[in-house]
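Reproduced below: query_29.txt, with compact mmCIF, C-alpha atoms.
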# COMPACT_ATOMS: atom_id res chain seq x y z
CA MET A 1 2.32 4.31 54.88
CA THR A 2 1.89 1.13 52.88
CA LYS A 3 -1.65 0.46 51.85
CA LEU A 4 -2.74 -3.13 52.12
CA LEU A 5 -4.66 -4.47 49.18
CA GLU A 6 -7.84 -6.48 49.53
CA VAL A 7 -7.66 -10.09 48.33
CA ASP A 8 -9.91 -9.50 45.34
CA GLU A 9 -7.81 -6.47 44.34
CA VAL A 10 -4.67 -8.63 44.39
CA LYS A 11 -6.38 -11.29 42.29
CA LYS A 12 -7.48 -8.65 39.83
CA LEU A 13 -3.92 -7.35 39.55
CA GLU A 14 -2.55 -10.86 39.08
CA THR A 15 -4.99 -11.46 36.25
CA GLN A 16 -3.99 -8.19 34.62
CA ILE A 17 -0.30 -9.03 34.88
CA GLN A 18 -0.87 -12.51 33.49
CA LYS A 19 -2.85 -11.08 30.59
CA GLY A 20 -0.16 -8.48 29.97
CA LEU A 21 2.53 -11.16 29.90
CA GLU A 22 0.59 -13.23 27.41
CA GLU A 23 0.26 -10.23 25.12
CA TYR A 24 3.93 -9.46 25.52
CA THR A 25 4.94 -12.99 24.57
CA HIS A 26 2.66 -12.79 21.59
CA LEU A 27 4.23 -9.52 20.47
CA THR A 28 7.91 -10.34 20.82
CA VAL A 29 10.07 -11.16 17.84
CA ASP A 30 11.86 -14.51 17.66
CA ILE A 31 15.62 -14.20 17.87
CA PRO A 32 17.10 -15.37 14.57
CA ASP A 33 19.47 -18.36 14.74
CA SER A 34 22.00 -17.03 12.30
CA LYS A 35 23.15 -13.86 10.68
CA LYS A 36 21.86 -15.17 7.40
CA GLU A 37 18.39 -15.62 8.85
CA TYR A 38 18.55 -12.19 10.46
CA LYS A 39 19.43 -10.62 7.14
CA ARG A 40 16.74 -12.55 5.37
CA ARG A 41 14.10 -11.51 7.87
CA PHE A 42 15.03 -7.97 8.63
CA ASN A 43 17.38 -6.76 6.03
CA LEU A 44 15.83 -7.09 2.68
CA ILE A 45 17.21 -10.32 1.35
CA ASN A 46 13.97 -11.54 -0.01
CA GLU A 47 13.31 -13.79 -2.87
CA GLU A 48 12.26 -11.98 -5.95
CA ILE A 49 9.11 -13.63 -7.11
CA ASN A 50 8.94 -14.35 -10.77
CA ILE A 51 5.61 -15.31 -12.12
CA ASP A 52 4.94 -16.72 -15.51
CA GLU A 53 1.54 -15.30 -15.96
CA VAL A 54 -0.65 -12.83 -14.21
CA GLU A 55 -4.23 -13.71 -13.59
CA PHE A 56 -6.79 -11.24 -12.51
CA ASP A 57 -10.50 -11.30 -12.18
CA ASP A 58 -13.03 -8.56 -12.36
CA PHE A 59 -11.79 -5.94 -9.95
CA THR A 60 -14.60 -3.38 -10.02
CA GLU A 61 -15.65 -4.17 -6.44
CA ASP A 62 -12.07 -3.73 -5.22
CA ILE A 63 -11.70 -0.40 -6.97
CA PHE A 64 -14.64 0.97 -5.03
CA SER A 65 -13.43 -0.31 -1.70
CA LEU A 66 -9.85 0.86 -2.17
CA THR A 67 -10.30 4.30 -3.65
CA VAL A 68 -10.39 7.58 -1.78
CA LYS A 69 -13.57 9.63 -2.14
CA ILE A 70 -12.98 12.92 -3.92
CA PRO A 71 -13.73 15.78 -1.50
CA ASP A 72 -16.37 18.31 -2.50
CA THR A 73 -14.59 21.40 -1.30
CA LYS A 74 -11.10 22.66 -0.63
CA LYS A 75 -12.04 22.95 3.06
CA GLU A 76 -12.93 19.27 3.19
CA TYR A 77 -9.75 18.44 1.31
CA ARG A 78 -7.68 20.33 3.88
CA GLU A 79 -9.46 18.79 6.85
CA ARG A 80 -9.05 15.27 5.60
CA PHE A 81 -5.50 15.41 4.34
CA GLY A 82 -3.98 17.88 6.75
CA ILE A 83 -2.69 20.50 4.37
CA MET B 1 10.66 -9.50 -13.08
CA ASN B 2 10.57 -11.45 -16.31
CA TYR B 3 9.27 -10.21 -19.64
CA GLU B 4 5.92 -12.02 -19.54
CA THR B 5 5.17 -10.79 -16.01
CA LYS B 6 5.99 -7.25 -16.97
CA GLU B 7 3.80 -7.36 -20.05
CA SER B 8 0.90 -8.87 -18.08
CA LEU B 9 1.25 -6.21 -15.40
CA LYS B 10 1.28 -3.53 -18.06
CA SER B 11 -2.02 -4.71 -19.52
CA LEU B 12 -3.49 -4.92 -16.02
CA PHE B 13 -2.29 -1.39 -15.34
CA ILE B 14 -3.90 0.00 -18.51
CA LYS B 15 -7.19 -1.72 -17.68
CA LEU B 16 -7.14 -0.30 -14.14
CA ALA B 17 -6.30 3.20 -15.37
CA HIS B 18 -9.34 3.17 -17.63
CA GLN B 19 -11.57 1.88 -14.83
CA ILE B 20 -10.40 4.60 -12.46
CA ILE B 21 -11.10 7.22 -15.12
CA GLY B 22 -14.59 5.78 -15.59
CA LEU B 23 -15.16 5.98 -11.85
CA TYR B 24 -14.73 9.76 -11.79
CA SER B 25 -15.86 10.78 -15.24
CA ASP B 26 -19.23 12.09 -13.97
CA GLU B 27 -17.65 14.04 -11.18
CA LEU B 28 -14.57 15.44 -12.87
CA LYS B 29 -13.42 16.31 -16.32
CA VAL B 30 -10.87 13.65 -16.97
CA TYR B 31 -8.27 13.76 -19.65
CA ILE B 32 -7.99 10.33 -21.08
CA TYR B 33 -4.99 8.34 -20.02
CA HIS B 34 -2.53 7.56 -22.78
CA ASP B 35 -1.52 3.93 -22.81
CA GLU B 36 2.02 4.90 -23.84
CA LEU B 37 2.54 6.39 -20.38
CA THR B 38 2.63 2.85 -19.03
CA GLU B 39 6.18 2.52 -20.39
CA ASP B 40 7.22 5.58 -18.39
CA ILE B 41 5.72 4.13 -15.21
CA PHE B 42 7.58 0.85 -15.62
CA TYR B 43 10.81 2.64 -16.50
CA GLU B 44 10.46 4.80 -13.39
CA TYR B 45 9.80 1.67 -11.30
CA GLU B 46 13.11 0.16 -12.47
CA LYS B 47 14.89 3.43 -11.72
CA ILE B 48 13.53 3.61 -8.17
CA LYS B 49 14.41 -0.02 -7.55
CA GLU B 50 18.00 0.46 -8.74
CA ASP B 51 18.34 3.66 -6.73
CA ILE B 52 17.26 1.98 -3.51
CA LYS B 53 19.38 -1.06 -4.23
CA ASN B 54 22.45 1.17 -4.59
CA ASN B 55 21.63 3.14 -1.46
CA ILE B 56 21.24 0.32 1.00
CA ILE B 57 24.69 -1.09 0.21
CA ASP B 58 23.47 -4.63 0.05
CA ALA B 59 24.47 -6.40 -3.12
CA GLU B 60 22.05 -9.19 -2.41
CA PHE B 61 19.04 -6.92 -2.36
CA LEU B 62 16.05 -8.36 -4.13
CA ALA B 63 12.59 -6.96 -4.15
CA ASP B 64 9.66 -8.89 -2.73
CA ARG B 65 6.02 -8.22 -3.53
CA HIS B 66 5.56 -5.45 -0.94
CA LYS B 67 8.58 -3.56 -2.18
CA ILE B 68 7.54 -4.01 -5.80
CA ALA B 69 4.12 -2.58 -4.85
CA ALA B 70 5.66 0.33 -2.92
CA PHE B 71 7.97 1.22 -5.82
CA PHE B 72 5.05 1.19 -8.22
CA ILE B 73 3.06 3.51 -5.94
CA SER B 74 5.97 5.92 -6.06
CA SER B 75 6.45 5.70 -9.83
CA ILE B 76 2.73 6.25 -10.50
CA MET B 77 2.58 9.20 -8.12
CA LYS B 78 5.65 10.70 -9.71
CA LYS B 79 4.47 10.34 -13.30
CA GLU B 80 0.79 11.07 -12.56
CA PRO B 81 -0.44 9.36 -15.73
CA ILE B 82 -4.08 10.49 -15.36
CA LYS B 83 -4.44 14.16 -16.14
CA ILE B 84 -7.61 15.83 -14.95
CA LYS B 85 -9.34 19.16 -15.01
CA VAL B 86 -11.68 20.19 -12.24
CA ASN B 87 -15.32 20.41 -13.10
CA LYS B 88 -17.34 20.85 -9.93
CA THR B 89 -15.06 21.42 -6.99
CA ASP B 90 -12.96 24.38 -5.95
CA ILE B 91 -9.94 22.19 -5.41
CA SER B 92 -7.00 22.67 -7.72
CA ASP B 93 -6.23 20.42 -10.67
CA ASN B 94 -2.98 19.41 -9.04
CA GLU B 95 -4.53 18.33 -5.76
CA LEU B 96 -7.25 16.30 -7.44
CA SER B 97 -4.84 14.86 -9.93
CA MET B 98 -2.75 13.62 -7.03
CA LEU B 99 -5.80 11.99 -5.44
CA VAL B 100 -6.98 10.26 -8.62
CA ASN B 101 -3.48 8.99 -9.37
CA PHE B 102 -3.13 7.83 -5.78
CA ASN B 103 -6.30 5.79 -6.24
CA LEU B 104 -4.83 4.22 -9.34
CA SER B 105 -1.53 3.51 -7.57
CA ILE B 106 -3.08 1.92 -4.50
CA VAL B 107 -5.44 -0.30 -6.51
CA PHE B 108 -2.55 -1.38 -8.75
CA ALA B 109 -0.26 -1.99 -5.75
CA ASN B 110 -2.90 -4.18 -4.14
CA TYR B 111 -3.22 -6.17 -7.35
CA VAL B 112 0.52 -6.65 -7.51
CA ILE B 113 0.39 -8.07 -3.97
CA LYS B 114 -2.65 -10.24 -4.71
CA VAL B 115 -1.19 -11.69 -7.89
CA PHE B 116 2.20 -12.48 -6.35
CA TYR B 117 0.53 -13.80 -3.19
CA LYS B 118 -1.56 -16.20 -5.23
CA LYS B 119 1.47 -17.45 -7.08
CA ARG B 120 3.39 -17.97 -3.86
CA TYR B 121 0.70 -19.51 -1.64
CA ASN B 122 -1.66 -20.81 -4.29
CA LYS B 123 -4.67 -19.13 -2.73
CA GLU B 124 -6.66 -15.95 -3.17
CA LEU B 125 -6.25 -12.96 -0.90
CA LYS B 126 -8.74 -10.15 -0.70
CA ILE B 127 -7.09 -6.97 0.48
CA ILE B 128 -9.39 -5.45 3.08
CA SER B 129 -9.98 -1.76 3.31
CA PRO B 130 -12.23 -0.89 6.25
CA LYS B 131 -14.94 1.61 5.41
CA SER B 132 -15.15 3.08 8.90
CA TYR B 133 -13.87 6.55 9.63
CA ASP B 134 -13.18 8.82 12.50
CA ASP B 135 -16.39 10.82 13.04
CA LYS B 136 -14.62 13.88 14.25
CA SER B 137 -11.97 14.28 11.57
CA LYS B 138 -13.94 12.45 8.83
CA LYS B 139 -10.72 10.66 7.97
CA THR B 140 -11.03 7.20 6.50
CA TYR B 141 -8.45 4.45 6.47
CA ASN B 142 -7.66 5.27 2.85
CA ASP B 143 -7.36 9.00 3.64
CA GLN B 144 -4.66 8.16 6.15
CA LEU B 145 -2.86 6.03 3.58
CA PHE B 146 -3.06 8.85 1.04
CA THR B 147 -1.54 11.33 3.51
CA LEU B 148 1.24 8.88 4.30
CA VAL B 149 2.04 8.18 0.65
CA ARG B 150 2.00 11.90 -0.21
CA ASP B 151 4.41 12.63 2.63
CA ILE B 152 6.76 9.79 1.72
CA ILE B 153 6.98 10.52 -1.99
CA ASN B 154 7.66 14.19 -1.30
CA MET B 155 10.75 13.32 0.69
CA GLU B 156 14.11 13.28 -1.00
CA GLU B 157 15.23 10.01 0.53
CA LYS B 158 13.88 7.22 -1.66
CA VAL B 159 14.84 4.58 0.90
CA LEU B 160 11.83 5.78 2.90
CA LEU B 161 9.75 3.89 0.39
CA LEU B 162 10.77 0.77 2.27
CA THR B 163 8.62 2.07 5.14
CA LEU B 164 5.68 1.96 2.79
CA SER B 165 6.52 -1.60 1.83
CA HIS B 166 6.43 -2.62 5.51
CA ILE B 167 3.00 -1.01 5.86
CA LEU B 168 1.79 -2.88 2.78
CA PHE B 169 3.08 -6.06 4.41
CA LEU B 170 1.03 -5.30 7.54
CA ILE B 171 -2.08 -4.59 5.46
CA GLU B 172 -1.61 -7.91 3.69
CA LYS B 173 -1.26 -9.77 6.99
CA TYR B 174 -4.26 -7.96 8.46
CA SER B 175 -6.32 -8.97 5.42
CA GLU B 176 -5.07 -12.54 5.78
CA CYS B 177 -6.12 -12.65 9.47
CA MET B 178 -9.55 -11.22 8.70
CA GLN B 179 -10.00 -13.70 5.87
CA ASN B 180 -9.12 -16.67 8.09
CA LYS B 181 -11.24 -15.47 11.00
Give the structure from the file, written as structure tokens.
Amino acid sequence: MTKLLEVDEVKKLETQIQKGLEEYTHLTVDIPDSKKEYKRRFNLINEEINIDEVEFDDFTEDIFSLTVKIPDTKKEYRERFGI
Amino acid sequence: MNYETKESLKSLFIKLAHQIIGLYSDELKVYIYHDELTEDIFYEYEKIKEDIKNNIIDAEFLADRHKIAAFFISSIMKKEPIKIKVNKTDISDNELSMLVNFNLSIVFANYVIKVFYKKRYNKELKIISPKSYDDKSKKTYNDQLFTLVRDIINMEEKVLLLTLSHILFLIEKYSECMQNK
């Protein structure tokens, strides 16, 4: 037997669907206009970037934020890295 | 990559290697990194790049900054330029050596991306690495990245490194979004 939904339930569903559609639109990939564009975007024809000089500042802060903490024991090592 | 860029990256790499060693010198016995190993790393990078280029059957293949970074991660992990000996822990030299060299590779890879990003867009990018971790498994964001890199470099198929370059792209875009928030 078909169950009739209350009005507020229908409205809630509509909102959910609308929200879902918005997310879907946001997540879809634009269709490329040409094969050349497709290849450029998805198949590795990228510009190689040549730079004349490399500048870098003090990177101590970055080193701390990007490095992995050394585990104290083999057990910890195994747990964290799934050996 | 032109000569000047390569030489600049080499000096950056040597500086980073010494900083990473300094970071762990209290905790581990670290064998000092030999600057000459830098040549091996850059040679290995070229080798990986050529190998992938030949495997994807695309004559127009050129590397962008994420691929350059991914290839360097692989070459550093393969050559393991920092040699260590365990001092305090019961973990093997090999396992810890892999971790320390991973740290060097990921910091260097992020700098490659930052430097090329700045040149391309004329603005700074700070690569974000969230500190949070999963309470239950104690895994951090960087732990996950380490596991991924270890798995990828242990596979025979070098083309899989392109997967890593896509992930580096996503990390860059995530950092960009957070920066512009």
Can you work out which residues from chain B touch chain A at a cut-off of 8 Å (counting only C-alpha atoms) and hand them back as a tab-separated table (two decimals) with C-alpha atoms, keeping the file's coordinate frame?
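Wrote it out as part14.tsv, contents follow:
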chain	number	residue	atom	x	y	z
B	1	MET	CA	10.66	-9.50	-13.08
B	2	ASN	CA	10.57	-11.45	-16.31
B	4	GLU	CA	5.92	-12.02	-19.54
B	5	THR	CA	5.17	-10.79	-16.01
B	8	SER	CA	0.90	-8.87	-18.08
B	9	LEU	CA	1.25	-6.21	-15.40
B	12	LEU	CA	-3.49	-4.92	-16.02
B	19	GLN	CA	-11.57	1.88	-14.83
B	20	ILE	CA	-10.40	4.60	-12.46
B	60	GLU	CA	22.05	-9.19	-2.41
B	61	PHE	CA	19.04	-6.92	-2.36
B	62	LEU	CA	16.05	-8.36	-4.13
B	63	ALA	CA	12.59	-6.96	-4.15
B	64	ASP	CA	9.66	-8.89	-2.73
B	65	ARG	CA	6.02	-8.22	-3.53
B	88	LYS	CA	-17.34	20.85	-9.93
B	89	THR	CA	-15.06	21.42	-6.99
B	90	ASP	CA	-12.96	24.38	-5.95
B	91	ILE	CA	-9.94	22.19	-5.41
B	96	LEU	CA	-7.25	16.30	-7.44
B	99	LEU	CA	-5.80	11.99	-5.44
B	103	ASN	CA	-6.30	5.79	-6.24
B	104	LEU	CA	-4.83	4.22	-9.34
B	106	ILE	CA	-3.08	1.92	-4.50
B	107	VAL	CA	-5.44	-0.30	-6.51
B	115	VAL	CA	-1.19	-11.69	-7.89
B	116	PHE	CA	2.20	-12.48	-6.35
B	119	LYS	CA	1.47	-17.45	-7.08
B	120	ARG	CA	3.39	-17.97	-3.86
B	129	SER	CA	-9.98	-1.76	3.31
B	131	LYS	CA	-14.94	1.61	5.41
B	137	SER	CA	-11.97	14.28	11.57
B	138	LYS	CA	-13.94	12.45	8.83
B	139	LYS	CA	-10.72	10.66	7.97
B	142	ASN	CA	-7.66	5.27	2.85
B	143	ASP	CA	-7.36	9.00	3.64
B	144	GLN	CA	-4.66	8.16	6.15
B	146	PHE	CA	-3.06	8.85	1.04
B	147	THR	CA	-1.54	11.33	3.51
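Across the structure, atom CA of Ser165 of chain B and atom CA of Val149 of chain B are spaced 10.8 Å apart.
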Note to self: When you count all atoms listed in the file, which of these residues is closest to His66 of chain B: B:Glu172, B:Glu7, B:Glu80, B:Asp151?
What the structure shows: B:Glu172
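Our summary of the geometry notes that atom CA of Ser105 of chain B is positioned 9.1 Å from atom CA of Ala70 of chain B.
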Item checked: Selection near Asn154 of chain B, 12 Å with all atoms listed in the file, sequence-local residues under 6 positions removed, as JSON, numbers by chain -> {"B": [74, 77, 78, 98, 147, 148, 160, 161]}
Checklist line | Residue nearest Tyr24 of chain B among B:Ile82, B:Leu37, B:Ile76, B:Ala69 (counting only C-alpha atoms) | finding: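 The closest residue to Tyr24 of chain B is B:Ile82.
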If we count all atoms listed in the file and set the cut-off at 8 Å, which residues sit around Lys126 of chain B, ignoring sequence neighbours fewer than 6 positions away in its own chain? Please answer as a compact mmCIF listing (two decimals) with C-alpha atoms, in the frame of the given file.
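Heads up, here's the output in out-v1.txt:
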# COMPACT_ATOMS: atom_id res chain seq x y z
CA LYS B 114 -2.65 -10.24 -4.71
CA SER B 175 -6.32 -8.97 5.42
CA GLU B 176 -5.07 -12.54 5.78
CA GLN B 179 -10.00 -13.70 5.87
Note to self: Would you compute the distance between atom CA of Ser92 of chain B and atom CA of Lys79 of chain B? Give it in Å to one decimal.
What the structure shows: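 Interatomic distance, atom CA of Ser92 of chain B to atom CA of Lys79 of chain B: 17.7 Å.
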Notebook entry, point to check: When distances are computed from only C-alpha atoms, which of B:Cys177, B:Val100, B:Ile153, B:Val86 shows the smallest separation from Leu16 of chain B?
Noted result: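 Ranking B:Cys177, B:Val100, B:Ile153, B:Val86 by distance to Leu16 of chain B, first place goes to B:Val100.
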Quick one: everything within 10 Å of Val30 of chain B, counting only C-alpha atoms, minus sequence neighbours fewer than 2 positions away in the same chain. Send it as a JSON list (two decimals) with C-alpha atoms, keeping the file's coordinate frame.
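This is the output file result_3.json:
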[["chain", "number", "residue", "atom", "x", "y", "z"],
["B", 21, "ILE", "CA", -11.10, 7.22, -15.12],
["B", 22, "GLY", "CA", -14.59, 5.78, -15.59],
["B", 24, "TYR", "CA", -14.73, 9.76, -11.79],
["B", 25, "SER", "CA", -15.86, 10.78, -15.24],
["B", 26, "ASP", "CA", -19.23, 12.09, -13.97],
["B", 27, "GLU", "CA", -17.65, 14.04, -11.18],
["B", 28, "LEU", "CA", -14.57, 15.44, -12.87],
["B", 32, "ILE", "CA", -7.99, 10.33, -21.08],
["B", 33, "TYR", "CA", -4.99, 8.34, -20.02],
["B", 82, "ILE", "CA", -4.08, 10.49, -15.36],
["B", 83, "LYS", "CA", -4.44, 14.16, -16.14],
["B", 84, "ILE", "CA", -7.61, 15.83, -14.95],
["B", 85, "LYS", "CA", -9.34, 19.16, -15.01],
["B", 86, "VAL", "CA", -11.68, 20.19, -12.24],
["B", 87, "ASN", "CA", -15.32, 20.41, -13.10],
["B", 97, "SER", "CA", -4.84, 14.86, -9.93],
["B", 100, "VAL", "CA", -6.98, 10.26, -8.62]]
Next item on the list: With a distance cut-off of 8 Å and only C-alpha atoms, select the neighbouring residues of segment 38-45 of chain B, excluding the residue or stretch itself and same-chain residues fewer than 6 positions from it, and output the selection as a list in words.
Entry: Lys10, Phe13, Ile14, Phe71, Phe72, Ser74, Ser75, Ile76, Lys79 and Pro81 of chain B
